[in-house]
file target-v2.cif (mmCIF, C-alpha atoms)
data_upload
loop_
_atom_site.label_atom_id
_atom_site.label_comp_id
_atom_site.auth_asym_id
_atom_site.auth_seq_id
_atom_site.Cartn_x
_atom_site.Cartn_y
_atom_site.Cartn_z
CA GLN A 126 5.86 10.61 15.02
CA LEU A 127 5.06 7.45 13.09
CA GLN A 128 7.64 5.18 11.54
CA LEU A 129 6.78 2.76 8.77
CA VAL A 130 8.98 -0.07 7.56
CA GLU A 131 8.15 -2.15 4.49
CA SER A 132 9.44 -5.65 3.88
CA GLY A 133 8.72 -8.65 1.70
CA GLY A 134 9.76 -7.44 -1.71
CA GLY A 135 11.84 -9.51 -4.07
CA LEU A 136 12.13 -11.22 -7.41
CA VAL A 137 9.20 -13.39 -8.47
CA PRO A 138 8.20 -15.12 -11.74
CA ILE A 139 5.14 -14.14 -13.74
CA GLY A 140 2.06 -15.53 -12.04
CA GLY A 141 3.80 -15.77 -8.70
CA SER A 142 2.87 -14.28 -5.33
CA LEU A 143 4.43 -12.07 -2.71
CA ARG A 144 3.24 -10.66 0.58
CA LEU A 145 4.45 -7.23 1.57
CA SER A 146 4.39 -6.04 5.16
CA CYS A 147 4.23 -2.52 6.53
CA ALA A 148 5.13 -2.38 10.22
CA ALA A 149 4.24 0.79 12.11
CA SER A 150 5.77 2.08 15.31
CA GLY A 151 5.53 5.29 17.27
CA SER A 152 2.29 7.33 17.33
CA THR A 153 0.13 4.67 15.72
CA SER A 154 -3.11 5.89 17.31
CA ASP A 155 -2.92 9.19 15.40
CA TYR A 156 -3.45 7.57 12.01
CA HIS A 157 -6.72 6.52 10.42
CA ALA A 158 -5.64 4.76 7.23
CA VAL A 159 -2.70 3.00 5.65
CA ALA A 160 -2.19 2.67 1.94
CA TRP A 161 0.13 1.02 -0.51
CA PHE A 162 1.60 2.91 -3.42
CA ARG A 163 4.03 1.93 -6.13
CA GLN A 164 6.33 3.85 -8.39
CA VAL A 165 8.32 3.14 -11.49
CA PRO A 166 11.12 5.56 -12.44
CA GLY A 167 9.78 8.35 -14.62
CA LYS A 168 6.15 7.65 -13.78
CA VAL A 169 3.66 9.10 -11.33
CA ARG A 170 3.32 7.28 -8.01
CA GLU A 171 0.25 5.05 -8.21
CA GLY A 172 -2.05 4.48 -5.26
CA ILE A 173 -3.01 0.83 -5.35
CA SER A 174 -4.76 -0.06 -2.10
CA CYS A 175 -5.98 1.51 1.10
CA ILE A 176 -7.38 0.27 4.41
CA GLU A 177 -9.09 2.23 7.16
CA THR A 178 -7.80 1.49 10.67
CA GLY A 179 -11.26 1.99 12.16
CA ASP A 180 -13.60 -0.28 10.23
CA SER A 181 -11.02 -1.95 7.93
CA SER A 182 -12.86 -0.79 4.83
CA THR A 183 -10.69 -1.06 1.74
CA ASP A 184 -10.35 0.16 -1.79
CA TYR A 185 -8.19 -0.87 -4.74
CA ALA A 186 -6.96 0.49 -8.02
CA ASP A 187 -8.44 -1.26 -11.04
CA SER A 188 -4.96 -2.40 -12.04
CA VAL A 189 -4.73 -4.69 -8.99
CA LYS A 190 -8.36 -5.42 -8.13
CA GLY A 191 -8.99 -9.13 -7.82
CA ARG A 192 -5.27 -9.94 -7.57
CA PHE A 193 -4.10 -7.97 -4.53
CA THR A 194 -5.55 -8.03 -1.03
CA ILE A 195 -4.83 -5.54 1.73
CA SER A 196 -5.29 -6.51 5.36
CA ARG A 197 -4.16 -5.45 8.79
CA ASP A 198 -3.21 -7.00 12.09
CA ALA A 199 -4.04 -4.35 14.67
CA ALA A 200 -2.24 -6.18 17.47
CA LYS A 201 0.99 -6.11 15.46
CA ASN A 202 0.42 -2.63 13.98
CA THR A 203 1.12 -4.18 10.61
CA VAL A 204 -0.61 -3.86 7.26
CA TYR A 205 -0.11 -6.50 4.60
CA LEU A 206 -0.45 -6.54 0.84
CA GLN A 207 -0.95 -10.02 -0.57
CA MET A 208 -0.09 -9.93 -4.26
CA ASN A 209 -1.12 -12.83 -6.47
CA SER A 210 -0.99 -13.48 -10.21
CA LEU A 211 1.85 -11.03 -10.56
CA LYS A 212 2.57 -9.48 -13.95
CA PRO A 213 5.66 -7.74 -15.34
CA GLU A 214 3.80 -4.42 -15.09
CA ASP A 215 3.62 -4.89 -11.32
CA THR A 216 7.38 -4.33 -11.17
CA ALA A 217 7.96 -1.21 -9.06
CA VAL A 218 9.12 0.10 -5.72
CA TYR A 219 6.26 -0.37 -3.28
CA TYR A 220 5.70 2.09 -0.47
CA CYS A 221 3.30 2.17 2.42
CA ALA A 222 2.03 5.43 3.86
CA ALA A 223 -0.26 6.52 6.67
CA SER A 224 -2.86 9.27 6.87
CA GLN A 225 -4.01 11.37 9.82
CA ARG A 226 -7.03 12.63 7.91
CA ALA A 227 -10.36 11.90 9.58
CA PRO A 228 -12.16 8.94 8.02
CA PRO A 229 -13.28 8.03 5.48
CA VAL A 230 -9.88 8.16 3.85
CA CYS A 231 -9.99 5.17 1.55
CA GLN A 232 -13.25 5.95 -0.21
CA ALA A 233 -12.54 6.06 -3.96
CA PHE A 234 -8.80 5.77 -3.22
CA GLY A 235 -8.41 3.45 -6.17
CA THR A 236 -9.65 6.17 -8.47
CA TYR A 237 -7.95 9.19 -6.99
CA TYR A 238 -5.99 10.02 -3.88
CA PHE A 239 -4.94 13.33 -2.37
CA PRO A 240 -1.15 13.36 -1.90
CA ALA A 241 -1.45 15.82 0.97
CA ASP A 242 -3.38 13.19 2.95
CA TRP A 243 -0.33 10.93 3.21
CA GLY A 244 2.23 12.39 5.57
CA SER A 245 4.21 9.38 6.76
CA TRP A 246 6.04 7.08 4.39
CA GLY A 247 8.21 4.03 4.54
CA GLN A 248 11.45 3.63 2.66
CA GLY A 249 10.03 1.34 -0.02
CA THR A 250 10.64 -2.23 -1.09
CA GLN A 251 11.45 -3.40 -4.61
CA VAL A 252 9.20 -5.90 -6.35
CA THR A 253 10.44 -7.33 -9.62
CA VAL A 254 8.31 -9.68 -11.70
CA GLN A 255 10.55 -11.51 -14.09
CA GLY A 256 9.26 -12.65 -17.43
#
call {"tool": "encode", "arguments": {"input": "target-v2.cif", "output": "structure tokens"}}
result
Amino acid sequence: QLQLVESGGGLVPIGGSLRLSCAASGSTSDYHAVAWFRQVPGKVREGISCIETGDSSTDYADSVKGRFTISRDAAKNTVYLQMNSLKPEDTAVYYCAASQRAPPVCQAFGTYYFPADWGSWGQGTQVTVQG
């Protein structure tokens, strides 16, 4: 069993930055990718970034490309999402999730993801970009 805990959300002005963390514990060796998603009430959950645990390859949704950076610290079993140049439309609850699917998992993630690939989820952290 894998447990994921997000942190780092908060209130930030337009153009500001935040770094989200996703700390994993438990059966961390069983998972091959970690991704960040976000959701606004009434809208479909959006996959925004993904990183493979093997080769650290990444992919991003067009909506965040060039502004957000995903990274991981294997020693700490933690994945980060550095968010810069934040916009009001980035306001959402951000979730991290992990996949047991054999790699590659993140290929074309920014375009489309398979919900069934993501079996472990954190509780979410709110990000609010205030205009």
call {"tool": "closest_residue", "arguments": {"input": "target-v2.cif", "among": "A:Ala233, A:Leu127, A:Ala217, A:Ala223", "to": "Arg170 (chain A)", "atoms": "all atoms listed in the file"}}
result
A:Ala217
call {"tool": "residues_around", "arguments": {"input": "target-v2.cif", "residues": "Thr253 (chain A)", "least_positions_apart": "6", "cutoff": "7 Å", "atoms": "only C-alpha atoms", "output": "list in words"}}
result
Gly135, Leu136, Val137, Thr216 and Ala217 of chain A
call {"tool": "residues_near_point", "arguments": {"input": "target-v2.cif", "point": "(-10.2, -0.3, -9.2)", "cutoff": "12 Å", "atoms": "only C-alpha atoms", "output": "list in words"}}
result
Glu171, Gly172, Ile173, Ser174, Cys175, Thr183, Asp184, Tyr185, Ala186, Asp187, Ser188, Val189, Lys190, Gly191, Arg192, Phe193, Gln232, Ala233, Phe234, Gly235, Thr236 and Tyr237 of chain A
call {"tool": "atom_distance", "arguments": {"input": "target-v2.cif", "atom1": "CA of Cys147 (chain A)", "atom2": "CA of Ile176 (chain A)"}}
result
12.1 Å
call {"tool": "resolve_selection", "arguments": {"input": "target-v2.cif", "expression": "the PyMOL selection byres ((chain A and resi 138) around 8)", "output": "PyMOL selection string"}}
result
chain A and resi 136-137+139-141+211+254-256
call {"tool": "write_last_selection", "arguments": {"input": "target-v2.cif", "atoms": "C-alpha atoms", "output": "PDB file, in the frame of the given file"}}
result
ATOM      1  CA  LEU A 136      12.130 -11.220  -7.410  1.00  0.00           C
ATOM      2  CA  VAL A 137       9.200 -13.390  -8.470  1.00  0.00           C
ATOM      3  CA  ILE A 139       5.140 -14.140 -13.740  1.00  0.00           C
ATOM      4  CA  GLY A 140       2.060 -15.530 -12.040  1.00  0.00           C
ATOM      5  CA  GLY A 141       3.800 -15.770  -8.700  1.00  0.00           C
ATOM      6  CA  LEU A 211       1.850 -11.030 -10.560  1.00  0.00           C
ATOM      7  CA  VAL A 254       8.310  -9.680 -11.700  1.00  0.00           C
ATOM      8  CA  GLN A 255      10.550 -11.510 -14.090  1.00  0.00           C
ATOM      9  CA  GLY A 256       9.260 -12.650 -17.430  1.00  0.00           C
TER      10      GLY A 256
END
call {"tool": "resolve_selection", "arguments": {"input": "target-v2.cif", "expression": "the PyMOL selection byres ((chain A and resi 204) around 12)", "output": "VMD selection string"}}
result
chain A and resid 129 to 133 144 to 150 158 to 161 174 to 178 181 183 194 to 203 205 to 207 220 to 223
call {"tool": "atom_distance", "arguments": {"input": "target-v2.cif", "atom1": "CA of Gln164 (chain A)", "atom2": "CA of Ser210 (chain A)"}}
result
18.9 Å
call {"tool": "closest_residue", "arguments": {"input": "target-v2.cif", "among": "A:Leu143, A:Tyr219, A:Ser182, A:Cys231", "to": "Gly249 (chain A)", "atoms": "all atoms listed in the file"}}
result
A:Tyr219
call {"tool": "axis_aligned_box", "arguments": {"input": "target-v2.cif", "around": "region 220-238 of chain A", "padding_each_side": "6 Å", "output": "JSON"}}
result
{"center_x": -3.8, "center_y": 7.4, "center_z": 0.7, "size_x": 31.0, "size_y": 22.5, "size_z": 30.3}
call {"tool": "atom_distance", "arguments": {"input": "target-v2.cif", "atom1": "CA of Asp215 (chain A)", "atom2": "CA of Gln128 (chain A)"}}
result
25.3 Å
call {"tool": "resolve_selection", "arguments": {"input": "target-v2.cif", "expression": "the PyMOL selection byres ((chain A and resi 242) around 8)", "output": "mmCIF file with C-alpha atoms, in the frame of the given file"}}
result
data_model
loop_
_atom_site.group_PDB
_atom_site.id
_atom_site.type_symbol
_atom_site.label_atom_id
_atom_site.label_comp_id
_atom_site.auth_asym_id
_atom_site.auth_seq_id
_atom_site.Cartn_x
_atom_site.Cartn_y
_atom_site.Cartn_z
ATOM 1 C CA SER A 224 -2.860 9.270 6.870
ATOM 2 C CA GLN A 225 -4.010 11.370 9.820
ATOM 3 C CA ARG A 226 -7.030 12.630 7.910
ATOM 4 C CA TYR A 238 -5.990 10.020 -3.880
ATOM 5 C CA PHE A 239 -4.940 13.330 -2.370
ATOM 6 C CA PRO A 240 -1.150 13.360 -1.900
ATOM 7 C CA ALA A 241 -1.450 15.820 0.970
ATOM 8 C CA TRP A 243 -0.330 10.930 3.210
ATOM 9 C CA GLY A 244 2.230 12.390 5.570
#
call {"tool": "closest_residue", "arguments": {"input": "target-v2.cif", "among": "A:Met208, A:Gly179, A:Gly247, A:Pro213", "to": "Tyr156 (chain A)", "atoms": "only C-alpha atoms"}}
result
A:Gly179
call {"tool": "closest_residue", "arguments": {"input": "target-v2.cif", "among": "A:Asp155, A:Val218, A:Pro229, A:Ser142", "to": "Val252 (chain A)", "atoms": "all atoms listed in the file"}}
result
A:Val218
call {"tool": "closest_residue", "arguments": {"input": "target-v2.cif", "among": "A:Gly151, A:Asp180, A:Ser245, A:Gln251", "to": "Pro166 (chain A)", "atoms": "only C-alpha atoms"}}
result
A:Gln251
call {"tool": "closest_residue", "arguments": {"input": "target-v2.cif", "among": "A:Asn209, A:Gln126, A:Glu214, A:Pro228", "to": "Val165 (chain A)", "atoms": "all atoms listed in the file"}}
result
A:Glu214
call {"tool": "decode", "arguments": {"input": "target-v2.cif", "residues": "region 162-179 of chain A", "atoms": "N, CA, C and O atoms", "output": "PDB file, in the first residue's frame"}}
result
ATOM      1  N   PHE A 162      -2.323  16.345 -10.668  1.00  0.00           N
ATOM      2  CA  PHE A 162      -3.598  16.658 -11.279  1.00  0.00           C
ATOM      3  C   PHE A 162      -4.176  17.871 -10.551  1.00  0.00           C
ATOM      4  O   PHE A 162      -3.763  18.194  -9.441  1.00  0.00           O
ATOM      5  N   ARG A 163      -5.157  18.491 -11.181  1.00  0.00           N
ATOM      6  CA  ARG A 163      -5.876  19.547 -10.474  1.00  0.00           C
ATOM      7  C   ARG A 163      -7.345  19.493 -10.875  1.00  0.00           C
ATOM      8  O   ARG A 163      -7.689  19.014 -11.959  1.00  0.00           O
ATOM      9  N   GLN A 164      -8.169  19.980  -9.966  1.00  0.00           N
ATOM     10  CA  GLN A 164      -9.605  19.930 -10.221  1.00  0.00           C
ATOM     11  C   GLN A 164     -10.287  21.148  -9.636  1.00  0.00           C
ATOM     12  O   GLN A 164     -10.016  21.538  -8.495  1.00  0.00           O
ATOM     13  N   VAL A 165     -11.173  21.687 -10.443  1.00  0.00           N
ATOM     14  CA  VAL A 165     -12.042  22.786 -10.042  1.00  0.00           C
ATOM     15  C   VAL A 165     -13.447  22.212  -9.942  1.00  0.00           C
ATOM     16  O   VAL A 165     -13.831  21.384 -10.777  1.00  0.00           O
ATOM     17  N   PRO A 166     -14.229  22.599  -8.945  1.00  0.00           N
ATOM     18  CA  PRO A 166     -15.590  22.058  -8.821  1.00  0.00           C
ATOM     19  C   PRO A 166     -16.373  22.184 -10.109  1.00  0.00           C
ATOM     20  O   PRO A 166     -16.392  23.238 -10.745  1.00  0.00           O
ATOM     21  N   GLY A 167     -16.999  21.089 -10.520  1.00  0.00           N
ATOM     22  CA  GLY A 167     -17.809  21.084 -11.720  1.00  0.00           C
ATOM     23  C   GLY A 167     -17.047  20.830 -13.000  1.00  0.00           C
ATOM     24  O   GLY A 167     -17.640  20.780 -14.079  1.00  0.00           O
ATOM     25  N   LYS A 168     -15.730  20.679 -12.895  1.00  0.00           N
ATOM     26  CA  LYS A 168     -14.926  20.428 -14.092  1.00  0.00           C
ATOM     27  C   LYS A 168     -14.191  19.096 -13.985  1.00  0.00           C
ATOM     28  O   LYS A 168     -14.005  18.554 -12.898  1.00  0.00           O
ATOM     29  N   VAL A 169     -13.782  18.588 -15.136  1.00  0.00           N
ATOM     30  CA  VAL A 169     -13.046  17.335 -15.191  1.00  0.00           C
ATOM     31  C   VAL A 169     -11.661  17.519 -14.574  1.00  0.00           C
ATOM     32  O   VAL A 169     -11.050  18.584 -14.720  1.00  0.00           O
ATOM     33  N   ARG A 170     -11.192  16.502 -13.885  1.00  0.00           N
ATOM     34  CA  ARG A 170      -9.842  16.555 -13.315  1.00  0.00           C
ATOM     35  C   ARG A 170      -8.819  16.620 -14.450  1.00  0.00           C
ATOM     36  O   ARG A 170      -8.863  15.823 -15.389  1.00  0.00           O
ATOM     37  N   GLU A 171      -7.929  17.572 -14.348  1.00  0.00           N
ATOM     38  CA  GLU A 171      -6.926  17.809 -15.395  1.00  0.00           C
ATOM     39  C   GLU A 171      -5.578  17.232 -14.981  1.00  0.00           C
ATOM     40  O   GLU A 171      -5.087  17.525 -13.890  1.00  0.00           O
ATOM     41  N   GLY A 172      -4.990  16.450 -15.835  1.00  0.00           N
ATOM     42  CA  GLY A 172      -3.629  15.969 -15.606  1.00  0.00           C
ATOM     43  C   GLY A 172      -2.656  17.024 -16.062  1.00  0.00           C
ATOM     44  O   GLY A 172      -2.717  17.448 -17.217  1.00  0.00           O
ATOM     45  N   ILE A 173      -1.774  17.485 -15.200  1.00  0.00           N
ATOM     46  CA  ILE A 173      -0.924  18.606 -15.569  1.00  0.00           C
ATOM     47  C   ILE A 173       0.553  18.274 -15.686  1.00  0.00           C
ATOM     48  O   ILE A 173       1.266  18.914 -16.449  1.00  0.00           O
ATOM     49  N   SER A 174       1.026  17.258 -14.979  1.00  0.00           N
ATOM     50  CA  SER A 174       2.436  16.919 -15.093  1.00  0.00           C
ATOM     51  C   SER A 174       2.687  15.526 -14.558  1.00  0.00           C
ATOM     52  O   SER A 174       2.003  15.072 -13.642  1.00  0.00           O
ATOM     53  N   CYS A 175       3.694  14.884 -15.130  1.00  0.00           N
ATOM     54  CA  CYS A 175       3.988  13.494 -14.793  1.00  0.00           C
ATOM     55  C   CYS A 175       5.495  13.288 -14.813  1.00  0.00           C
ATOM     56  O   CYS A 175       6.194  13.907 -15.625  1.00  0.00           O
ATOM     57  N   ILE A 176       5.992  12.426 -13.926  1.00  0.00           N
ATOM     58  CA  ILE A 176       7.412  12.093 -13.920  1.00  0.00           C
ATOM     59  C   ILE A 176       7.571  10.602 -13.691  1.00  0.00           C
ATOM     60  O   ILE A 176       6.912  10.006 -12.825  1.00  0.00           O
ATOM     61  N   GLU A 177       8.426   9.983 -14.494  1.00  0.00           N
ATOM     62  CA  GLU A 177       8.725   8.564 -14.349  1.00  0.00           C
ATOM     63  C   GLU A 177       9.732   8.387 -13.210  1.00  0.00           C
ATOM     64  O   GLU A 177      10.702   9.142 -13.115  1.00  0.00           O
ATOM     65  N   THR A 178       9.551   7.372 -12.381  1.00  0.00           N
ATOM     66  CA  THR A 178      10.496   7.152 -11.288  1.00  0.00           C
ATOM     67  C   THR A 178      11.778   6.489 -11.781  1.00  0.00           C
ATOM     68  O   THR A 178      12.792   6.556 -11.099  1.00  0.00           O
ATOM     69  N   GLY A 179      11.743   5.871 -12.953  1.00  0.00           N
ATOM     70  CA  GLY A 179      12.931   5.200 -13.463  1.00  0.00           C
ATOM     71  C   GLY A 179      13.936   6.164 -14.065  1.00  0.00           C
ATOM     72  O   GLY A 179      15.051   6.311 -13.567  1.00  0.00           O
TER      73      GLY A 179
END
